[in-house]
Amino acid sequence: MIKIARFFVFGLVFLSLVVLGSVCLWAQEGTQKISFQNFERDNGTEDEHFSEVWNCEPNFETEIVHSGERALRVVTFEDGGTLRINAADKEGYVDLSKAKKISIWVYDTQNSNTVEMRLKDVDGDGGSGNDGNTLWSKKGARKNKWTKIEWSLNSYPDVEDLDLSRISSIEIYEFHEGIYYFDDLEVE
Ligand SMILES: [Ca+2]
Ligand SMILES: [Ca+2]
C-alpha cells in the first residue's frame, strides 16, 4: 500500500514538473527578444553600427556601457539631434512584422527626456524630418541612470511603403542639446 502511495506521489511530482516546464517554454516563446544592435565588435553588423542623421555627433563609448564592451555616446546640439542605428544582421535587416515592442537602454545626462523613434526599411522608406511618421516613448529616461525606454509597435503610425519585415535601421531623436548614451536596442 505504501509502495503504491509513493509511486502515486512521485508520479504527481513528475507530471507537475512536465507541466511547469512546458509553461516556462511557452512563456519564453511569447517574449522572444532579438538584439537589433548592441554596438559590440563582430556582432554581424554589415557596415557601420550607426551614423548621424541630423545635428549630432555619435561615437563609440567604452566607459559608460550598459552591457558588453561598447555603447554609443551621442552629443546633440541646439534643438536636439537625430542618429541612425543600423541592424546587427548579415542580411542588413530584421523582421519586425510580428514584433510587439522596441526598447533601448538610455543614459541621459541632460534630463529625464522622452525619446522619439522612427523605423526605416531597406529601401529607405519610413520618412524624415517632422513628417510625424514616428513614435514618442511614453516614459522619459531617468537622469544619469541607465533606463530602459520602450515603444509599443501597436501605436506606430501606418507609414506608406514601410516594409516592417525588412527594417534596416532605427532612428532616435533627442530633442534637447546634451550628451546621451545608448546600448542594447532590442526587439520583442
Ligand atoms: Ca553594448
Ligand atoms: Ca519599402
# chains A, B, ... in the order shown; residues from 1 in each chain; ligands from 1
>>> closest_atom_pairs(of="chain A", to="ligand 1", cutoff="10 Å", atoms="only C-alpha atoms and all ligand atoms", output="CSV")
residue,atom,partner,partner_atom_place_in_ligand_line,distance
A:Gln37,CA,ligand 1,1 (Ca),8.1
A:Asn38,CA,ligand 1,1 (Ca),4.3
A:Phe39,CA,ligand 1,1 (Ca),5.0
A:Glu40,CA,ligand 1,1 (Ca),5.4
A:Arg41,CA,ligand 1,1 (Ca),9.2
A:Phe60,CA,ligand 1,1 (Ca),9.6
A:Glu61,CA,ligand 1,1 (Ca),9.0
A:Thr62,CA,ligand 1,1 (Ca),8.7
A:Ile64,CA,ligand 1,1 (Ca),9.7
A:Val65,CA,ligand 1,1 (Ca),6.2
A:His66,CA,ligand 1,1 (Ca),6.1
A:Ser67,CA,ligand 1,1 (Ca),4.5
A:Gly68,CA,ligand 1,1 (Ca),4.5
A:Glu69,CA,ligand 1,1 (Ca),5.7
A:Arg70,CA,ligand 1,1 (Ca),4.4
A:Ala71,CA,ligand 1,1 (Ca),4.6
A:Leu72,CA,ligand 1,1 (Ca),8.0
A:Trp105,CA,ligand 1,1 (Ca),9.8
A:Phe182,CA,ligand 1,1 (Ca),8.4
A:Asp183,CA,ligand 1,1 (Ca),5.3
A:Asp184,CA,ligand 1,1 (Ca),5.9
A:Leu185,CA,ligand 1,1 (Ca),9.2
>>> closest_atom_pairs(of="chain A", to="ligand 2", cutoff="8 Å", atoms="only C-alpha atoms and all ligand atoms", output="Markdown table")
| residue | atom | partner | partner_atom_place_in_ligand_line | distance |
| --- | --- | --- | --- | --- |
| A:Asp121 | CA | ligand 2 | 1 (Ca) | 5.8 |
| A:Val122 | CA | ligand 2 | 1 (Ca) | 6.7 |
| A:Asp123 | CA | ligand 2 | 1 (Ca) | 5.0 |
| A:Gly124 | CA | ligand 2 | 1 (Ca) | 6.8 |
| A:Asp125 | CA | ligand 2 | 1 (Ca) | 5.1 |
| A:Gly126 | CA | ligand 2 | 1 (Ca) | 7.8 |
| A:Glu160 | CA | ligand 2 | 1 (Ca) | 7.9 |
| A:Asp161 | CA | ligand 2 | 1 (Ca) | 4.4 |
| A:Leu162 | CA | ligand 2 | 1 (Ca) | 4.6 |
| A:Asp163 | CA | ligand 2 | 1 (Ca) | 4.8 |
>>> write_last_selection(atoms="N, CA and C atoms", output="short mmCIF file (atom, residue, chain, number, x, y, z; two decimals), in the first residue's frame")
data_model
loop_
_atom_site.label_atom_id
_atom_site.label_comp_id
_atom_site.auth_asym_id
_atom_site.auth_seq_id
_atom_site.Cartn_x
_atom_site.Cartn_y
_atom_site.Cartn_z
N ASP A 121 13.09 51.12 -43.63
CA ASP A 121 13.27 49.81 -44.26
C ASP A 121 14.44 49.81 -45.24
N VAL A 122 14.69 48.65 -45.86
CA VAL A 122 15.86 48.50 -46.74
C VAL A 122 15.81 49.42 -47.96
N ASP A 123 14.61 49.87 -48.36
CA ASP A 123 14.51 50.80 -49.50
C ASP A 123 14.70 52.25 -49.08
N GLY A 124 14.84 52.48 -47.76
CA GLY A 124 14.96 53.85 -47.27
C GLY A 124 13.62 54.48 -46.95
N ASP A 125 12.52 53.69 -47.08
CA ASP A 125 11.20 54.23 -46.73
C ASP A 125 11.05 54.32 -45.21
N GLY A 126 10.18 55.24 -44.79
CA GLY A 126 9.96 55.46 -43.35
C GLY A 126 9.84 56.93 -43.01
N GLU A 160 3.51 54.89 -45.38
CA GLU A 160 3.47 54.45 -46.77
C GLU A 160 4.76 53.73 -47.17
N ASP A 161 4.61 52.55 -47.79
CA ASP A 161 5.73 51.76 -48.34
C ASP A 161 6.72 51.22 -47.30
N LEU A 162 6.42 51.42 -46.02
CA LEU A 162 7.34 50.91 -45.00
C LEU A 162 7.13 49.40 -44.85
N ASP A 163 8.19 48.63 -45.13
CA ASP A 163 8.13 47.18 -45.08
C ASP A 163 8.62 46.71 -43.70
#
>>> residues_around(residues="Thr134 of chain A", least_positions_apart="3", cutoff="9 Å", atoms="only C-alpha atoms", output="ChimeraX atom specification")
/A:116-119,126-128,130-131,156-157
>>> atom_distance(atom1="atom CA of Gly178 of chain A", atom2="atom CA of Asn43 of chain A")
28.2 Å
>>> closest_residue(among="A:Glu46, A:Asn86, A:Ser137, A:Ser35", to="Tyr173 of chain A", atoms="only C-alpha atoms")
A:Ser137
>>> residues_around(residues="Asn144 of chain A", least_positions_apart="2", cutoff="7 Å", atoms="only C-alpha atoms", output="PDB file with N, CA and C atoms, in the first residue's frame")
ATOM      1  N   TYR A 107      21.119  56.363 -21.225  1.00  0.00           N
ATOM      2  CA  TYR A 107      21.713  57.061 -20.081  1.00  0.00           C
ATOM      3  C   TYR A 107      21.720  58.537 -20.466  1.00  0.00           C
ATOM      4  N   ASP A 108      20.785  59.267 -19.897  1.00  0.00           N
ATOM      5  CA  ASP A 108      20.506  60.648 -20.296  1.00  0.00           C
ATOM      6  C   ASP A 108      21.139  61.588 -19.262  1.00  0.00           C
ATOM      7  N   THR A 109      22.150  62.342 -19.670  1.00  0.00           N
ATOM      8  CA  THR A 109      22.804  63.257 -18.715  1.00  0.00           C
ATOM      9  C   THR A 109      22.175  64.645 -18.766  1.00  0.00           C
ATOM     10  N   ARG A 142      15.432  58.240 -16.800  1.00  0.00           N
ATOM     11  CA  ARG A 142      15.784  58.868 -15.525  1.00  0.00           C
ATOM     12  C   ARG A 142      17.179  59.464 -15.662  1.00  0.00           C
ATOM     13  N   TRP A 146      21.037  54.381 -16.201  1.00  0.00           N
ATOM     14  CA  TRP A 146      20.593  53.567 -17.341  1.00  0.00           C
ATOM     15  C   TRP A 146      19.110  53.283 -17.183  1.00  0.00           C
TER      16      TRP A 146
END
>>> residues_around(residues="Asn55 of chain A", least_positions_apart="4", cutoff="9 Å", atoms="only C-alpha atoms", output="list in words")
Val75, Thr76, Phe77, Glu78, Asp79, Gly80, Gly81, Thr82 and Leu83 of chain A
>>> residues_around(residues="segment 95-99 of chain A", least_positions_apart="4", cutoff="8 Å", atoms="only C-alpha atoms", output="ChimeraX atom specification")
/A:153,164-167,187-188
>>> select_by_dssp(residues="segment 27-120 of chain A", states="strand (DSSP E or B)", output="MDAnalysis selection string")
chainID A and resid 34:37 50:54 56:61 71:76 81:86 94 101:108 116:120
>>> write_last_selection(atoms="C-alpha atoms", output="compact mmCIF listing (two decimals), in the first residue's frame")
# COMPACT_ATOMS: atom_id res chain seq x y z
CA ILE A 34 16.15 39.87 -30.62
CA SER A 35 19.12 42.19 -30.37
CA PHE A 36 18.80 44.84 -33.09
CA GLN A 37 22.11 46.48 -32.16
CA PHE A 50 25.40 53.94 -36.52
CA SER A 51 25.51 57.28 -38.28
CA GLU A 52 24.39 60.88 -37.84
CA VAL A 53 21.07 61.87 -39.43
CA TRP A 54 20.86 65.43 -38.18
CA CYS A 56 24.56 65.38 -33.56
CA GLU A 57 27.89 63.65 -33.08
CA PRO A 58 27.69 59.90 -32.37
CA ASN A 59 30.75 57.86 -31.26
CA PHE A 60 31.53 54.53 -29.65
CA GLU A 61 31.73 54.64 -25.84
CA ALA A 71 27.83 51.55 -26.10
CA LEU A 72 27.04 54.67 -28.16
CA ARG A 73 27.75 58.21 -26.95
CA VAL A 74 25.85 60.99 -28.70
CA VAL A 75 26.34 64.72 -28.37
CA THR A 76 23.33 66.68 -29.64
CA GLY A 81 19.70 65.74 -32.82
CA THR A 82 18.87 62.51 -34.65
CA LEU A 83 21.01 59.44 -35.08
CA ARG A 84 20.59 56.25 -37.06
CA ILE A 85 21.25 52.82 -35.55
CA ASN A 86 21.76 50.03 -38.09
CA VAL A 94 15.41 42.50 -39.08
CA LYS A 101 7.80 46.37 -28.93
CA ILE A 102 11.16 48.00 -29.36
CA SER A 103 13.33 49.01 -26.46
CA ILE A 104 16.67 50.72 -25.90
CA TRP A 105 18.74 51.46 -22.81
CA VAL A 106 19.40 55.18 -22.44
CA TYR A 107 21.71 57.06 -20.08
CA ASP A 108 20.51 60.65 -20.30
CA GLU A 116 11.32 59.77 -30.49
CA MET A 117 11.81 56.68 -32.68
CA ARG A 118 11.48 56.10 -36.44
CA LEU A 119 11.68 52.83 -38.40
CA LYS A 120 13.39 52.72 -41.81
>>> residues_around(residues="Lys143 of chain A", least_positions_apart="2", cutoff="7 Å", atoms="only C-alpha atoms", output="VMD selection string")
chain A and resid 108 to 112 141 145
>>> write_last_selection(atoms="N, CA and C atoms", output="compact mmCIF listing (two decimals), in the first residue's frame")
# COMPACT_ATOMS: atom_id res chain seq x y z
N ASP A 108 20.78 59.27 -19.90
CA ASP A 108 20.51 60.65 -20.30
C ASP A 108 21.14 61.59 -19.26
N THR A 109 22.15 62.34 -19.67
CA THR A 109 22.80 63.26 -18.71
C THR A 109 22.18 64.65 -18.77
N GLN A 110 21.22 64.85 -19.70
CA GLN A 110 20.63 66.18 -19.87
C GLN A 110 19.47 66.38 -18.90
N ASN A 111 18.53 65.42 -18.90
CA ASN A 111 17.35 65.49 -18.02
C ASN A 111 16.61 64.16 -18.12
N SER A 112 15.33 64.16 -17.80
CA SER A 112 14.54 62.91 -17.89
C SER A 112 13.68 62.96 -19.15
N ALA A 141 13.53 58.96 -19.77
CA ALA A 141 14.66 58.32 -19.11
C ALA A 141 14.85 58.96 -17.74
N LYS A 145 21.04 57.77 -15.14
CA LYS A 145 20.84 56.35 -14.79
C LYS A 145 20.49 55.60 -16.05
